[in-house]
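Text of the file input-v7.tsv, holding TSV, C-alpha atoms and all ligand atoms:
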```
chain	number	residue	atom	x	y	z
A	1	MET	CA	150.84	123.82	91.25
A	2	LYS	CA	148.42	126.65	90.88
A	3	ALA	CA	145.07	127.36	92.47
A	4	ILE	CA	142.64	130.27	92.58
A	5	ALA	CA	140.22	130.88	95.44
A	6	GLU	CA	137.84	133.58	96.57
A	7	ALA	CA	136.76	134.71	100.03
A	8	HIS	CA	134.56	137.48	101.35
A	9	PRO	CA	135.46	139.98	104.04
A	10	ASN	CA	133.52	139.86	107.28
A	11	ILE	CA	132.38	142.41	109.78
A	12	ALA	CA	132.64	141.61	113.47
A	13	LEU	CA	129.50	142.09	115.57
A	14	VAL	CA	131.51	141.17	118.67
A	15	LYS	CA	135.07	142.23	118.03
A	16	TYR	CA	138.49	140.72	118.34
A	17	TRP	CA	140.92	143.27	119.79
A	18	GLY	CA	143.94	141.84	121.59
A	19	LYS	CA	146.17	138.80	121.28
A	20	ARG	CA	147.08	136.22	123.89
A	21	ASP	CA	149.96	134.95	121.77
A	22	GLN	CA	151.70	137.11	119.24
A	23	LYS	CA	153.60	134.39	117.40
A	24	LEU	CA	150.67	132.03	116.83
A	25	ASN	CA	148.32	134.98	116.46
A	26	LEU	CA	145.99	133.70	119.15
A	27	PRO	CA	143.14	136.01	120.14
A	28	ALA	CA	142.64	137.24	123.71
A	29	VAL	CA	138.86	137.30	123.10
A	30	GLY	CA	136.42	135.35	120.98
A	31	SER	CA	134.50	137.17	118.24
A	32	ILE	CA	131.35	136.83	116.15
A	33	SER	CA	131.00	138.15	112.62
A	34	VAL	CA	128.88	138.15	109.51
A	35	THR	CA	130.50	137.36	106.21
A	36	LEU	CA	129.65	139.91	103.52
A	37	ASP	CA	128.25	139.23	100.11
A	38	GLY	CA	129.29	141.35	97.13
A	39	LEU	CA	132.76	142.26	98.38
A	40	LYS	CA	135.46	139.72	97.71
A	41	THR	CA	139.13	138.95	97.28
A	42	VAL	CA	140.21	136.55	94.56
A	43	SER	CA	143.72	135.17	95.07
A	44	SER	CA	145.78	132.97	92.82
A	45	VAL	CA	148.87	131.17	94.08
A	46	HIS	CA	151.31	129.61	91.64
A	47	PHE	CA	154.34	127.71	93.01
A	48	GLN	CA	157.10	127.65	90.39
A	49	PRO	CA	160.53	125.95	90.52
A	50	GLU	CA	162.28	128.77	88.64
A	51	LEU	CA	161.25	131.55	91.05
A	52	LYS	CA	163.98	132.80	93.42
A	53	GLU	CA	161.57	134.60	95.74
A	54	ASP	CA	157.87	135.00	96.39
A	55	ARG	CA	156.21	137.77	94.42
A	56	LEU	CA	152.94	139.49	95.20
A	57	TRP	CA	150.65	141.70	93.15
A	58	ILE	CA	147.62	143.39	94.71
A	59	ASN	CA	145.07	144.69	92.21
A	60	ASP	CA	147.69	144.27	89.41
A	61	LYS	CA	150.29	146.43	91.18
A	62	GLU	CA	153.45	144.94	92.65
A	63	ALA	CA	153.01	144.98	96.44
A	64	SER	CA	155.28	146.78	98.92
A	65	PRO	CA	158.23	144.83	100.45
A	66	GLN	CA	156.34	144.71	103.80
A	67	GLN	CA	153.21	143.25	102.23
A	68	THR	CA	155.25	140.75	100.23
A	69	GLU	CA	157.17	139.72	103.34
A	70	ARG	CA	153.95	139.13	105.30
A	71	VAL	CA	152.56	136.93	102.52
A	72	SER	CA	155.90	135.16	102.13
A	73	ARG	CA	155.90	134.27	105.85
A	74	PHE	CA	152.40	132.91	105.41
A	75	LEU	CA	153.51	130.84	102.40
A	76	ASP	CA	156.37	129.48	104.53
A	77	LEU	CA	153.72	127.86	106.76
A	78	ILE	CA	152.18	126.18	103.72
A	79	ARG	CA	155.64	125.11	102.53
A	80	GLN	CA	156.34	123.61	105.97
A	81	LYS	CA	153.06	121.68	105.99
A	82	SER	CA	153.34	120.40	102.43
A	83	GLY	CA	157.10	119.90	102.07
A	84	ILE	CA	157.06	121.97	98.90
A	85	LYS	CA	160.20	124.09	98.39
A	86	TYR	CA	159.18	126.34	95.49
A	87	ARG	CA	158.52	130.04	95.72
A	88	ALA	CA	155.22	131.39	94.47
A	89	GLU	CA	153.70	134.11	92.39
A	90	VAL	CA	150.61	135.48	94.14
A	91	GLN	CA	147.98	137.71	92.56
A	92	SER	CA	145.26	139.18	94.75
A	93	HIS	CA	142.30	141.24	93.53
A	94	ASN	CA	139.88	143.10	95.80
A	95	ASN	CA	136.70	144.67	94.47
A	96	PHE	CA	136.73	147.17	97.40
A	97	PRO	CA	139.22	149.64	98.99
A	98	THR	CA	142.22	147.92	100.56
A	99	GLY	CA	143.53	148.62	104.08
A	100	ALA	CA	140.92	151.16	105.17
A	101	GLY	CA	138.97	149.17	107.72
A	102	LEU	CA	137.05	146.98	105.29
A	103	ALA	CA	138.71	143.80	106.51
A	104	SER	CA	140.73	143.27	103.35
A	105	SER	CA	143.22	141.20	105.39
A	106	ALA	CA	140.39	138.80	106.33
A	107	SER	CA	139.35	137.99	102.78
A	108	ALA	CA	142.98	138.17	101.59
A	109	PHE	CA	144.33	135.57	104.02
A	110	ALA	CA	141.24	133.35	103.82
A	111	SER	CA	141.53	133.20	100.02
A	112	LEU	CA	145.32	132.74	100.29
A	113	ALA	CA	144.93	129.88	102.79
A	114	LEU	CA	142.62	128.05	100.41
A	115	ALA	CA	144.45	128.80	97.15
A	116	GLY	CA	147.92	128.34	98.69
A	117	SER	CA	147.16	125.03	100.39
A	118	ARG	CA	145.50	123.60	97.25
A	119	ALA	CA	148.33	124.81	95.01
A	120	ALA	CA	150.75	122.99	97.35
A	121	GLY	CA	148.72	119.80	97.04
A	122	LEU	CA	147.21	119.93	100.55
A	123	ASN	CA	143.58	119.05	101.13
A	124	LEU	CA	142.66	120.86	104.34
A	125	ASN	CA	139.20	120.71	105.87
A	126	PRO	CA	137.43	124.00	106.78
A	127	SER	CA	138.64	123.91	110.43
A	128	GLN	CA	142.23	123.37	109.32
A	129	LEU	CA	141.86	126.17	106.77
A	130	SER	CA	140.50	128.45	109.48
A	131	GLU	CA	143.49	127.66	111.71
A	132	LEU	CA	145.87	128.36	108.84
A	133	ALA	CA	144.10	131.59	107.84
A	134	ARG	CA	144.30	132.78	111.48
A	135	LEU	CA	148.09	132.71	111.26
A	136	GLY	CA	147.86	135.30	108.46
A	137	SER	CA	145.27	137.51	110.16
A	138	GLY	CA	142.99	136.81	113.12
A	139	SER	CA	139.79	137.88	111.38
A	140	ALA	CA	140.69	135.76	108.30
A	141	ALA	CA	139.90	132.63	110.33
A	142	ARG	CA	136.24	133.74	110.19
A	143	SER	CA	136.19	134.44	106.43
A	144	ILE	CA	136.60	130.74	105.65
A	145	PHE	CA	132.91	130.45	106.50
A	146	GLY	CA	129.83	132.23	105.21
A	147	GLY	CA	126.84	133.45	107.23
A	148	PHE	CA	127.21	134.04	110.99
A	149	VAL	CA	130.58	132.90	112.28
A	150	GLU	CA	132.17	132.61	115.71
A	151	MET	CA	135.90	132.65	116.30
A	152	LYS	CA	136.69	130.65	119.41
A	153	VAL	CA	139.24	132.12	121.77
A	154	GLY	CA	140.61	128.61	122.41
A	155	GLU	CA	142.60	127.32	125.35
A	156	LYS	CA	145.34	125.20	123.87
A	157	GLU	CA	148.83	126.57	123.66
A	158	ASP	CA	149.36	125.31	120.12
A	159	GLY	CA	146.30	127.27	118.93
A	160	SER	CA	144.58	124.25	117.41
A	161	ASP	CA	141.27	125.18	119.08
A	162	ALA	CA	141.48	128.89	118.20
A	163	ILE	CA	139.43	128.41	115.04
A	164	ALA	CA	136.19	129.69	113.63
A	165	ILE	CA	132.94	127.76	113.39
A	166	LYS	CA	129.79	128.55	111.46
A	167	LEU	CA	126.88	129.49	113.73
A	168	GLU	CA	124.27	129.85	110.99
A	169	ASP	CA	124.26	129.76	107.24
A	170	LYS	CA	123.84	132.89	105.10
A	171	ASN	CA	120.23	132.00	104.29
A	172	TYR	CA	119.27	131.80	107.95
A	173	TRP	CA	118.40	135.51	108.28
A	174	ASN	CA	117.81	138.07	105.56
A	175	LEU	CA	119.68	141.16	106.76
A	176	ARG	CA	121.49	144.00	105.02
A	177	ILE	CA	124.80	145.56	105.90
A	178	LEU	CA	125.42	149.00	104.39
A	179	ILE	CA	128.97	150.29	104.25
A	180	ALA	CA	129.44	154.04	104.35
A	181	ILE	CA	132.84	154.84	102.85
A	182	THR	CA	134.12	158.01	104.47
A	183	SER	CA	137.74	157.81	103.28
A	184	GLU	CA	139.72	155.64	100.90
A	185	GLU	CA	143.05	156.38	102.52
A	186	GLU	CA	145.01	153.49	104.00
A	187	LYS	CA	144.89	153.54	107.78
A	188	LYS	CA	148.04	154.61	109.59
A	189	ILE	CA	148.03	152.07	112.42
A	190	GLY	CA	147.20	148.49	111.48
A	191	SER	CA	145.19	146.26	113.79
A	192	THR	CA	148.13	144.17	115.09
A	193	ALA	CA	150.06	147.26	116.17
A	194	GLY	CA	146.87	148.85	117.52
A	195	MET	CA	145.98	145.80	119.61
A	196	GLN	CA	149.46	145.50	121.09
A	197	HIS	CA	149.54	149.16	121.93
A	198	THR	CA	146.09	148.96	123.58
A	199	ALA	CA	147.00	145.87	125.62
A	200	LYS	CA	150.16	147.56	126.86
A	201	SER	CA	148.87	151.00	127.68
A	202	SER	CA	145.09	151.09	128.24
A	203	PRO	CA	143.93	150.98	131.87
A	204	PHE	CA	140.69	149.39	130.62
A	205	TYR	CA	142.13	146.54	128.56
A	206	HIS	CA	141.62	143.86	131.20
A	207	GLN	CA	137.97	144.86	131.59
A	208	TRP	CA	137.51	144.76	127.81
A	209	VAL	CA	138.76	141.16	127.72
A	210	LEU	CA	136.59	140.11	130.69
A	211	SER	CA	133.40	141.72	129.45
A	212	SER	CA	133.62	140.34	125.92
A	213	GLN	CA	132.48	136.91	127.17
A	214	LEU	CA	129.08	138.31	128.09
A	215	ASP	CA	128.75	140.08	124.72
A	216	LEU	CA	129.51	136.80	122.96
A	217	ASP	CA	126.86	134.93	124.97
A	218	MET	CA	124.26	137.60	124.32
A	219	MET	CA	125.11	137.88	120.63
A	220	ARG	CA	124.77	134.11	120.15
A	221	ARG	CA	121.36	134.28	121.81
A	222	ALA	CA	120.28	137.21	119.62
A	223	ILE	CA	121.30	135.30	116.49
A	224	PHE	CA	119.67	132.03	117.51
A	225	SER	CA	116.40	133.80	118.37
A	226	ARG	CA	116.59	136.15	115.33
A	227	ASN	CA	116.19	139.13	117.64
A	228	PHE	CA	117.35	142.03	115.46
A	229	SER	CA	117.21	144.84	118.02
A	230	GLN	CA	119.19	142.75	120.50
A	231	LEU	CA	121.76	141.90	117.82
A	232	GLY	CA	122.10	145.58	116.89
A	233	GLU	CA	122.32	146.83	120.45
A	234	ILE	CA	125.06	144.40	121.41
A	235	ALA	CA	126.98	145.07	118.18
A	236	GLU	CA	126.87	148.83	118.72
A	237	HIS	CA	127.80	148.52	122.38
A	238	ASN	CA	130.70	146.17	121.62
A	239	CYS	CA	131.98	148.43	118.83
A	240	LEU	CA	131.92	151.54	121.02
A	241	LYS	CA	133.62	149.61	123.80
A	242	MET	CA	136.41	148.47	121.47
A	243	HIS	CA	136.97	152.02	120.26
A	244	ALA	CA	136.78	153.34	123.84
A	245	VAL	CA	139.52	150.96	124.96
A	246	ALA	CA	141.63	151.92	121.92
A	247	MET	CA	141.07	155.62	122.67
A	248	SER	CA	142.17	155.03	126.26
A	249	ALA	CA	145.58	153.77	125.10
A	250	LYS	CA	148.55	156.14	125.47
A	251	PRO	CA	148.90	157.80	123.02
A	252	ALA	CA	145.26	157.34	122.02
A	253	LEU	CA	144.23	155.42	118.94
A	254	LEU	CA	141.47	157.21	117.08
A	255	TYR	CA	140.27	155.49	113.92
A	256	TRP	CA	137.31	157.80	113.19
A	257	ASN	CA	137.13	160.93	111.07
A	258	HIS	CA	134.43	163.56	111.45
A	259	THR	CA	132.22	161.87	108.84
A	260	THR	CA	132.40	158.62	110.81
A	261	LEU	CA	130.93	160.51	113.77
A	262	SER	CA	128.26	162.22	111.65
A	263	VAL	CA	127.06	158.84	110.37
A	264	MET	CA	126.91	157.48	113.93
A	265	HIS	CA	124.77	160.42	115.05
A	266	VAL	CA	122.41	160.09	112.08
A	267	ILE	CA	121.90	156.38	112.76
A	268	ARG	CA	121.06	157.09	116.39
A	269	GLN	CA	118.61	159.84	115.35
A	270	LEU	CA	116.95	157.60	112.78
A	271	ARG	CA	116.55	154.95	115.43
A	272	GLU	CA	114.84	157.42	117.74
A	273	GLN	CA	112.46	158.12	114.85
A	274	GLY	CA	111.66	154.43	114.51
A	275	THR	CA	114.03	153.00	111.87
A	276	LEU	CA	115.82	149.99	113.31
A	277	ALA	CA	119.43	150.47	112.25
A	278	TYR	CA	122.68	149.99	114.16
A	279	PHE	CA	126.28	150.82	113.36
A	280	THR	CA	129.57	149.06	113.85
A	281	ILE	CA	133.09	150.20	112.96
A	282	ASP	CA	136.39	148.31	112.74
A	283	ALA	CA	139.91	149.71	112.90
A	284	GLY	CA	139.22	152.35	110.27
A	285	PRO	CA	136.88	155.22	109.44
A	286	GLN	CA	134.14	153.34	107.52
A	287	VAL	CA	130.78	152.78	109.18
A	288	LYS	CA	128.87	149.57	108.65
A	289	ILE	CA	125.13	149.78	109.25
A	290	LEU	CA	123.05	146.75	110.11
A	291	CYS	CA	119.44	146.88	109.02
A	292	ARG	CA	116.53	144.85	107.73
A	293	PRO	CA	115.98	144.53	103.96
A	294	GLY	CA	112.92	146.83	103.86
A	295	ASP	CA	114.90	149.75	105.35
A	296	ALA	CA	118.04	149.40	103.22
A	297	GLU	CA	117.04	151.66	100.32
A	298	TYR	CA	115.86	154.55	102.48
A	299	LEU	CA	118.87	154.27	104.78
A	300	GLY	CA	121.28	154.09	101.86
A	301	LYS	CA	119.89	157.34	100.37
A	302	ARG	CA	119.82	159.09	103.74
A	303	ILE	CA	123.42	158.16	104.58
A	304	LEU	CA	124.65	159.26	101.17
A	305	GLN	CA	123.34	162.77	101.95
A	306	ILE	CA	125.70	163.10	104.92
A	307	GLU	CA	128.58	165.43	104.13
A	308	GLY	CA	131.80	163.47	103.59
A	309	VAL	CA	130.19	160.14	102.76
A	310	GLN	CA	131.76	159.13	99.47
A	311	LYS	CA	129.84	155.97	98.70
A	312	VAL	CA	127.41	153.55	100.28
A	313	LEU	CA	127.78	149.86	99.46
A	314	VAL	CA	124.84	147.56	100.14
A	315	THR	CA	125.70	143.99	101.09
A	316	SER	CA	123.97	141.01	102.61
A	317	LEU	CA	125.30	137.78	104.09
A	318	GLY	CA	128.00	136.07	102.04
A	319	SER	CA	129.12	132.49	101.40
A	320	ASP	CA	132.01	130.26	102.42
A	321	ALA	CA	135.43	130.78	100.83
A	322	ARG	CA	135.61	128.63	97.69
A	323	LEU	CA	138.04	127.24	95.21
A	324	ILE	CA	137.64	128.63	91.70
A	325	GLU	CA	140.39	126.75	89.87
A	326	ASP	CA	142.82	124.05	90.80
A	327	GLU	CA	145.64	122.92	88.47
A	328	PRO	CA	147.99	120.16	89.59
A	401	LIG	O1	142.39	140.34	111.69
A	401	LIG	P1	143.06	141.56	112.13
A	401	LIG	O2	144.35	141.32	112.76
A	401	LIG	O3	143.14	142.58	111.02
A	401	LIG	O4	142.14	142.24	113.29
A	401	LIG	C1	140.80	142.62	113.11
A	401	LIG	C2	140.37	143.59	114.15
A	401	LIG	C3	138.99	144.19	113.96
A	401	LIG	O5	138.63	144.23	112.59
A	401	LIG	C4	139.00	145.61	114.48
A	401	LIG	C5	137.92	143.43	114.75
A	401	LIG	C6	137.49	142.11	114.18
A	401	LIG	O6	137.11	141.24	114.98
A	401	LIG	O7	137.47	141.95	112.94
```
Spit out the file's structure as structure tokens when you get a sec.
Ligand code: PMV
Amino acid sequence: MKAIAEAHPNIALVKYWGKRDQKLNLPAVGSISVTLDGLKTVSSVHFQPELKEDRLWINDKEASPQQTERVSRFLDLIRQKSGIKYRAEVQSHNNFPTGAGLASSASAFASLALAGSRAAGLNLNPSQLSELARLGSGSAARSIFGGFVEMKVGEKEDGSDAIAIKLEDKNYWNLRILIAITSEEEKKIGSTAGMQHTAKSSPFYHQWVLSSQLDLDMMRRAIFSRNFSQLGEIAEHNCLKMHAVAMSAKPALLYWNHTTLSVMHVIRQLREQGTLAYFTIDAGPQVKILCRPGDAEYLGKRILQIEGVQKVLVTSLGSDARLIEDEP
């Protein structure tokens, strides 16, 4: 009753920010992402009859009661589906900073959905895994798949159509995504709280939801025609729009630090000088830069020179979540 699975984080090119149903974790907007190679979460789930409660370790350290409770609620869903009653020991390892806007919840819950369901004897197909992962974290639904992925907003009340689908495989387009780490501190306001706060208090929230449909259509077209500048322009626009709506909440949500802003300015300057690079930022201070393979080395060196940038990770498009080990 043990299984180990790995999943990669993803970075949204058209972002999910807002829920239409809190309990089922249904998004208010669709989203499109790329799954990242190189970064990963490996999770092992072991259901054991002698355990009195679920236990969670993240990077070999016992997790906080809040983190354990969130994972335990997720395991309850797997227990409901499978009929299994046992509690589990969960070990999760990330090879990148946790909780600082690098989508660790996406790879965490995608790997947990796969390892947990297999350990409980379930054999879910990728769409079912995506639906399950979504209940842990919205962006995790996308990390079940590699390459370019779209999360459907869905219409059904039970959420069964709010799942991700693969748009194109990771080998479809050779791109690079650089990640400028500007802080390794955990963020203070998580995405769920941030989204709720934005929906409640921003005067622009409704417009954000309405206009995301157009961004999704244009992003799909950019991907299917391999139009890099269009992809980058929409991604940057959508990112700034998401942050603008978050900043217009009361009190404002501001996920950037001054280094985040410096990197954004440098990317815009480099673009004016002819290097095609675009940035996107999630609910944290790290900046992800989209570029073509031939520009990655130069850009990586240039970004590392910016004051406050601690590290630059170079990634490309990653694979589907996969099972590493499965013991009955
Ligand atoms: O999956 P969550 O609940 O952590 O929300 C993710 C929100 C963003 O990362 C900001 C955007 C996205 O689509 O990934």
Item to check | Selected residue, from A:Leu317, A:Cys239, A:Met195, A:Ile289, that lies nearest to Leu253 of chain A when counting all atoms listed in the file | outcome: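 The closest residue to Leu253 of chain A is A:Met195.
Proximity ranking of A:Leu26, A:Ala88, A:Ala3, A:Ile78 relative to Asp161 of chain A places A:Leu26 first, based on all atoms listed in the file.
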Item to check | Non-local contacts of Ala141 of chain A (7 Å; all atoms listed in the file; under 2 positions in same chain excluded) as a count of residues only | outcome: 11
Item to check | atom CA of Lys15 of chain A to atom C4 of ligand LIG 401 (chain A), straight-line distance in Å | outcome: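 The value is 6.3 Å.
The interatomic distance for the pair atom CA of Ser212 of chain A and atom CA of Val263 of chain A works out to 25.0 Å.
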Next on the checklist: Hey, which residues sit close to ligand LIG 401 (chain A)? Say within 7 Å, counting all atoms listed in the file, and write them as number ranges by chain.
Outcome noted: A: 11-12, 14-17, 31, 101, 103, 105-106, 137-140, 191-192, 282-283
Next on the checklist: Ranking A:Trp208, A:Phe109, A:Trp173, A:Phe224 by minimum distance to Arg142 of chain A and counting only C-alpha atoms, which one comes first?
Outcome noted: A:Phe109
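In terms of minimum interatomic distance to His197 of chain A, A:Ser248 ranks closest within A:Ser248, A:Ser127, A:Thr260, A:Ser229, counting all atoms listed in the file.
Our summary of the geometry notes that atom CA of Leu240 of chain A is positioned 10.5 Å from atom CA of Met264 of chain A.
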Next on the checklist: I want to know what sits within 9 Å of Tyr172 of chain A, based on only C-alpha atoms, with residues of the same chain fewer than 4 positions away left out; could you give that as a ChimeraX atom specification?
Outcome noted: /A:147-148,168,226
Checklist entry - Which residue gives the smallest distance to His258 of chain A among A:Thr41, A:Gln230, A:Ser183, A:Thr315, with only C-alpha atoms counted? => result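 Of A:Thr41, A:Gln230, A:Ser183, A:Thr315, the one nearest His258 of chain A, counting only C-alpha atoms, is A:Ser183.
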Item to check | Shell of 7 Å around Phe47 of chain A, all atoms listed in the file, local chain residues under 4 positions omitted, as a count of residues only | outcome: 7
Next on the checklist: Give me, as a list in words, all polymer residues having an atom no more than 9 Å from Leu75 of chain A, counting all atoms listed in the file and skipping those fewer than 2 positions away in the same chain.
Outcome noted: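 Here the answer would be Asp54, Arg70, Val71, Ser72, Arg73, Leu77, Ile78, Arg79, Gln80, Arg87, Ala88, Leu112, Ala113, Gly116 and Ser117 of chain A.
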Next on the checklist: Quick one: residues within 10 Å of Ala222 of chain A, all atoms listed in the file, excluding same-chain residues fewer than 6 positions away - as a ChimeraX atom specification?
Outcome noted: /A:216,228-234
